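Asks: To be precise about what I am sending: the file is called query12.txt and holds compact mmCIF, C-alpha atoms.
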# COMPACT_ATOMS: atom_id res chain seq x y z
CA MET G 29 177.70 240.88 -85.16
CA GLU G 30 177.17 237.67 -83.23
CA ARG G 31 177.30 234.53 -85.33
CA MET G 32 174.33 232.23 -85.61
CA PRO G 33 174.46 228.90 -83.76
CA ALA G 34 175.11 225.81 -85.87
CA LEU G 35 172.36 224.06 -83.89
CA ASP G 36 169.62 225.71 -81.86
CA LEU G 37 167.35 223.53 -79.69
CA ILE G 38 164.61 224.02 -77.13
CA ASN G 39 164.39 221.46 -74.32
CA HIS G 40 161.20 221.22 -72.31
CA SER G 41 162.45 219.41 -69.19
CA PRO G 42 165.62 218.60 -67.25
CA ASP G 43 165.28 214.99 -68.47
CA GLN G 44 165.28 216.19 -72.06
CA THR G 45 168.45 218.22 -71.36
CA ARG G 46 170.06 215.11 -69.85
CA ARG G 47 169.03 213.06 -72.91
CA LEU G 48 170.68 215.65 -75.15
CA GLY G 49 173.88 215.23 -73.10
CA THR G 50 173.62 211.47 -73.55
CA HIS G 51 173.36 211.96 -77.32
CA LEU G 52 176.40 214.24 -77.25
CA ALA G 53 178.36 211.57 -75.36
CA ARG G 54 177.59 208.99 -78.07
CA PHE G 55 179.88 210.95 -80.39
CA ALA G 56 182.45 212.06 -77.82
CA GLU G 57 186.13 211.40 -78.36
CA PRO G 58 189.11 211.65 -76.03
CA GLY G 59 190.48 215.18 -76.20
CA ASP G 60 187.06 216.80 -76.62
CA LEU G 61 186.45 220.15 -74.97
CA TYR G 62 182.91 221.39 -74.30
CA LEU G 63 182.38 224.89 -72.93
CA LEU G 64 179.01 225.50 -71.25
CA SER G 65 177.92 229.08 -70.86
CA GLY G 66 174.72 230.34 -69.29
CA SER G 67 173.26 231.98 -66.24
CA LEU G 68 172.73 230.24 -62.90
CA GLY G 69 170.00 227.64 -63.28
CA SER G 70 170.21 227.46 -67.06
CA GLY G 71 170.94 223.71 -67.09
CA LYS G 72 174.72 223.46 -67.46
CA THR G 73 175.18 220.82 -64.77
CA THR G 74 172.08 218.98 -65.96
CA LEU G 75 173.66 218.72 -69.41
CA VAL G 76 176.90 217.41 -67.84
CA GLN G 77 174.85 214.78 -65.99
CA GLY G 78 173.57 213.59 -69.35
CA ILE G 79 177.08 213.50 -70.83
CA ALA G 80 178.21 211.48 -67.80
CA ARG G 81 175.29 209.09 -68.21
CA GLY G 82 176.23 208.59 -71.87
CA LEU G 83 179.81 207.85 -70.83
CA LYS G 84 178.61 205.29 -68.26
CA VAL G 85 179.98 207.29 -65.33
CA GLY G 86 178.86 205.60 -62.11
CA ASP G 87 179.37 208.62 -59.84
CA TYR G 88 176.72 211.20 -59.06
CA VAL G 89 177.60 214.33 -61.02
CA GLN G 90 177.11 217.67 -59.33
CA SER G 91 178.61 221.08 -59.94
CA PRO G 92 182.19 221.33 -58.62
CA THR G 93 181.70 225.02 -57.81
CA PHE G 94 183.67 224.99 -54.56
CA ILE G 95 186.47 222.66 -55.65
CA LEU G 96 186.77 223.74 -59.32
CA ALA G 97 187.14 220.25 -60.84
CA MET G 98 185.79 216.74 -60.50
CA GLU G 99 187.18 213.68 -62.26
CA HIS G 100 184.89 210.79 -63.24
CA ALA G 101 185.88 207.46 -64.79
CA GLY G 102 183.72 206.41 -67.69
CA LEU G 103 183.56 204.45 -70.92
CA LEU G 104 183.19 205.58 -74.50
CA PRO G 105 180.42 203.89 -76.49
CA ASP G 106 183.04 201.53 -77.99
CA GLY G 107 184.10 200.44 -74.48
CA ARG G 108 187.38 202.35 -74.23
CA PRO G 109 188.02 203.95 -70.84
CA VAL G 110 187.80 207.72 -70.64
CA ARG G 111 188.03 210.36 -67.92
CA LEU G 112 185.37 213.04 -67.73
CA TYR G 113 186.72 216.23 -66.22
CA HIS G 114 183.93 218.51 -65.02
CA ILE G 115 185.32 221.97 -64.30
CA ASP G 116 183.39 224.93 -62.91
CA LEU G 117 185.02 228.36 -63.14
CA TYR G 118 182.20 230.32 -61.49
CA ARG G 119 184.19 231.24 -58.38
CA LEU G 120 187.29 232.45 -60.25
CA GLU G 121 187.93 236.13 -59.83
CA LYS G 122 190.80 236.42 -62.35
CA PRO G 123 191.78 234.23 -65.32
CA SER G 124 195.30 233.99 -63.88
CA GLU G 125 193.88 231.82 -61.05
CA LEU G 126 193.57 228.99 -63.58
CA LEU G 127 197.32 228.64 -63.70
CA THR G 128 197.45 227.73 -60.02
CA PHE G 129 195.15 224.75 -60.35
CA GLY G 130 196.62 223.16 -63.50
CA ILE G 131 193.89 223.43 -66.10
CA GLU G 132 196.51 222.68 -68.77
CA ASP G 133 196.89 219.17 -67.32
CA TYR G 134 193.17 218.48 -67.75
CA LEU G 135 193.17 219.85 -71.29
CA ALA G 136 196.25 217.83 -72.24
CA ASP G 137 195.03 214.43 -71.00
CA PRO G 138 194.74 212.23 -74.12
CA GLN G 139 192.20 210.02 -72.30
CA GLY G 140 190.10 212.95 -71.10
CA ILE G 141 186.96 214.74 -72.12
CA VAL G 142 186.79 218.18 -70.52
CA VAL G 143 183.53 220.02 -69.81
CA ILE G 144 183.92 223.56 -68.47
CA GLU G 145 181.09 225.56 -66.95
CA TRP G 146 181.50 229.35 -66.93
CA PRO G 147 184.32 229.47 -69.55
CA GLU G 148 183.89 233.23 -69.77
CA HIS G 149 185.77 233.43 -66.45
CA ALA G 150 188.90 232.19 -68.23
CA SER G 151 191.17 233.74 -70.80
CA THR G 152 189.80 232.99 -74.26
CA ASP G 153 193.25 232.15 -75.64
CA LEU G 154 193.26 229.07 -73.39
CA PHE G 155 190.80 227.25 -75.64
CA ASP G 156 191.59 226.37 -79.25
CA ASP G 157 189.14 224.03 -80.94
CA HIS G 158 186.06 223.39 -78.81
CA LEU G 159 182.29 223.20 -78.76
CA LEU G 160 180.61 226.12 -77.03
CA ILE G 161 177.07 225.44 -75.85
CA ARG G 162 175.12 228.44 -74.61
CA LEU G 163 172.20 227.57 -72.38
CA GLU G 164 169.43 230.06 -71.86
CA PHE G 165 166.64 229.96 -69.27
CA ILE G 166 163.26 230.40 -70.99
CA ALA G 167 160.77 229.12 -68.39
CA GLU G 168 160.73 226.94 -65.29
CA THR G 169 161.46 223.75 -67.22
CA LYS G 170 162.26 225.11 -70.69
CA ARG G 171 165.81 225.84 -71.90
CA ARG G 172 167.34 226.96 -75.18
CA LEU G 173 170.66 225.35 -76.15
CA MET G 174 172.76 226.96 -78.87
CA PHE G 175 175.74 225.08 -80.29
CA TYR G 176 178.77 226.98 -81.62
CA PRO G 177 181.47 224.65 -82.99
CA ASN G 178 185.02 225.96 -83.25
CA GLY G 179 187.01 223.63 -85.51
CA GLN G 180 186.17 220.87 -87.98
CA ARG G 181 185.97 218.16 -85.32
CA TYR G 182 183.24 220.08 -83.52
CA GLN G 183 181.33 220.92 -86.69
CA ARG G 184 181.18 217.17 -87.42
CA LEU G 185 180.08 216.56 -83.82
CA VAL G 186 177.26 219.09 -84.12
CA ASP G 187 176.20 217.51 -87.42
CA GLN G 188 176.09 214.08 -85.73
CA VAL G 189 174.05 215.41 -82.81
CA ARG G 190 171.70 217.19 -85.22
CA GLN G 191 171.17 213.96 -87.15
CA GLU G 192 170.53 212.08 -83.91
CA VAL G 193 168.15 214.50 -82.16
CA ALA G 194 166.71 216.71 -84.86
CA GLY G 195 166.40 214.27 -87.74
CA GLY G 196 169.10 216.07 -89.71
CA ARG G 197 167.16 219.31 -90.21
CA ARG G 198 169.58 222.14 -90.78
CA ARG G 199 168.95 225.84 -90.97
CA SER G 200 170.39 227.70 -93.93
CA THR G 201 173.82 229.20 -93.34
CA THR G 202 175.91 231.80 -95.02
CA ALA G 203 179.64 231.98 -95.48
CA SER G 204 179.84 234.60 -92.74
CA ASP G 205 178.36 232.31 -90.04
Could you spell out this file's structure in structure tokens?

Replies:
Amino acid sequence: MERMPALDLINHSPDQTRRLGTHLARFAEPGDLYLLSGSLGSGKTTLVQGIARGLKVGDYVQSPTFILAMEHAGLLPDGRPVRLYHIDLYRLEKPSELLTFGIEDYLADPQGIVVIEWPEHASTDLFDDHLLIRLEFIAETKRRLMFYPNGQRYQRLVDQVRQEVAGGRRRSTTASD
């Protein structure tokens, strides 16, 4: 049985998806790992653009599909420098290919925030605590974003984002969620 998302949102435009990413970045911390899952065109890169905007990244953010990873210098809301690593695993054919490009180095950077598109192309044991965000195409400009925190840090993060964007409304949960 699939667990229920801790936060389930509908965005009605790419700008709204970017704004959600900006809100997420307000609570980001070095060492964070965000996994973005969804079909082509579901808004993964648009969400990353919002995260980058919230981290004051000056570069244009596009999907690194053909090069696997892009590094962007940014700033946390408190002014500390941070590196945003945007990784796209779409073109990987086997999880073992990750070992050849050094994903462990990105994940281990104490000054880094890692966002991975297409995490399902990797071995699941690679990711410990993380925030999984599933994006679902609903209509031309409408997307559903479902947040699945894995670890206490990410549950707090989802609670902060909920407070910021949804006014703190929370669905009822059960112990099995």

Asks: Let me make sure I understand: among G:Ser151, G:Ile161, G:Arg190, G:Leu48, which one has the smallest atom-to-atom distance to Leu173 of chain G if we use all atoms listed in the file?

Replies: G:Ile161

Asks: Just the residues within 7 Å of segment 69-84 of chain G, please, counting all atoms listed in the file, with nothing from its chain fewer than 6 positions along; format it as a ChimeraX atom specification.

Replies: /G:42,45-50,52-54,90-91,102-105,145,163-165,171

Asks: What separation in Å, quoted to one decimal, exists between atom CA of Asp87 of chain G and atom CA of Tyr134 of chain G?

Replies: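 One can read the atom CA of Asp87 of chain G to atom CA of Tyr134 of chain G distance as 18.7 Å.
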
Asks: So which one's closest to Leu185 of chain G, G:Glu132, G:Val110, G:Phe55, G:Ile166? Using only C-alpha atoms, please.

Replies: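 Counting only C-alpha atoms, the residue closest to Leu185 of chain G is G:Phe55.
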
Asks: For each of G:Pro147, G:Pro58, G:Gly66, G:Pro177, take the minimum atom-to-atom distance to Leu112 of chain G, counting only C-alpha atoms, then give the residue where this is smallest.

Replies: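 Closest candidate: G:Pro58.
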
Asks: Measuring between all atoms listed in the file, which one of G:Glu30, G:Asp36, G:Glu99, G:Glu148 shows the shortest distance to Leu64 of chain G?

Replies: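 That would be G:Glu148, the residue with the smallest distance to Leu64 of chain G.
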
Asks: Using only C-alpha atoms, which of G:Val186, G:Ile131, G:Ala101, G:Ile95 sits nearest Arg119 of chain G?

Replies: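 Residue with the minimum atom-to-atom distance to Arg119 of chain G: G:Ile95.
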
Asks: Please determine, counting all atoms listed in the file, which residue among G:Ile115, G:Ile38, G:Gln188, G:Glu57 has the shortest atom-to-atom distance to Phe129 of chain G.

Replies: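 Closest to Phe129 of chain G of all the choices is G:Ile115.
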
Asks: Report, in Å to a single decimal, how far apart atom CA of His114 of chain G and atom CA of Gly130 of chain G are.

Replies: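 One can read the atom CA of Gly130 of chain G to atom CA of His114 of chain G distance as 13.6 Å.
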
Asks: Find the spatial neighbours of Ala150 of chain G, counting all atoms listed in the file, within a cut-off of 12 Å - ignore same-chain residues fewer than 2 positions away - and output them as a ChimeraX atom specification.

Replies: /G:63,65,115-127,131,144-148,152-155

Asks: Just how far from atom CA of His40 of chain G is atom CA of Met174 of chain G, in Å to one decimal?

Replies: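 Separation of atom CA of Met174 of chain G and atom CA of His40 of chain G: 14.5 Å.
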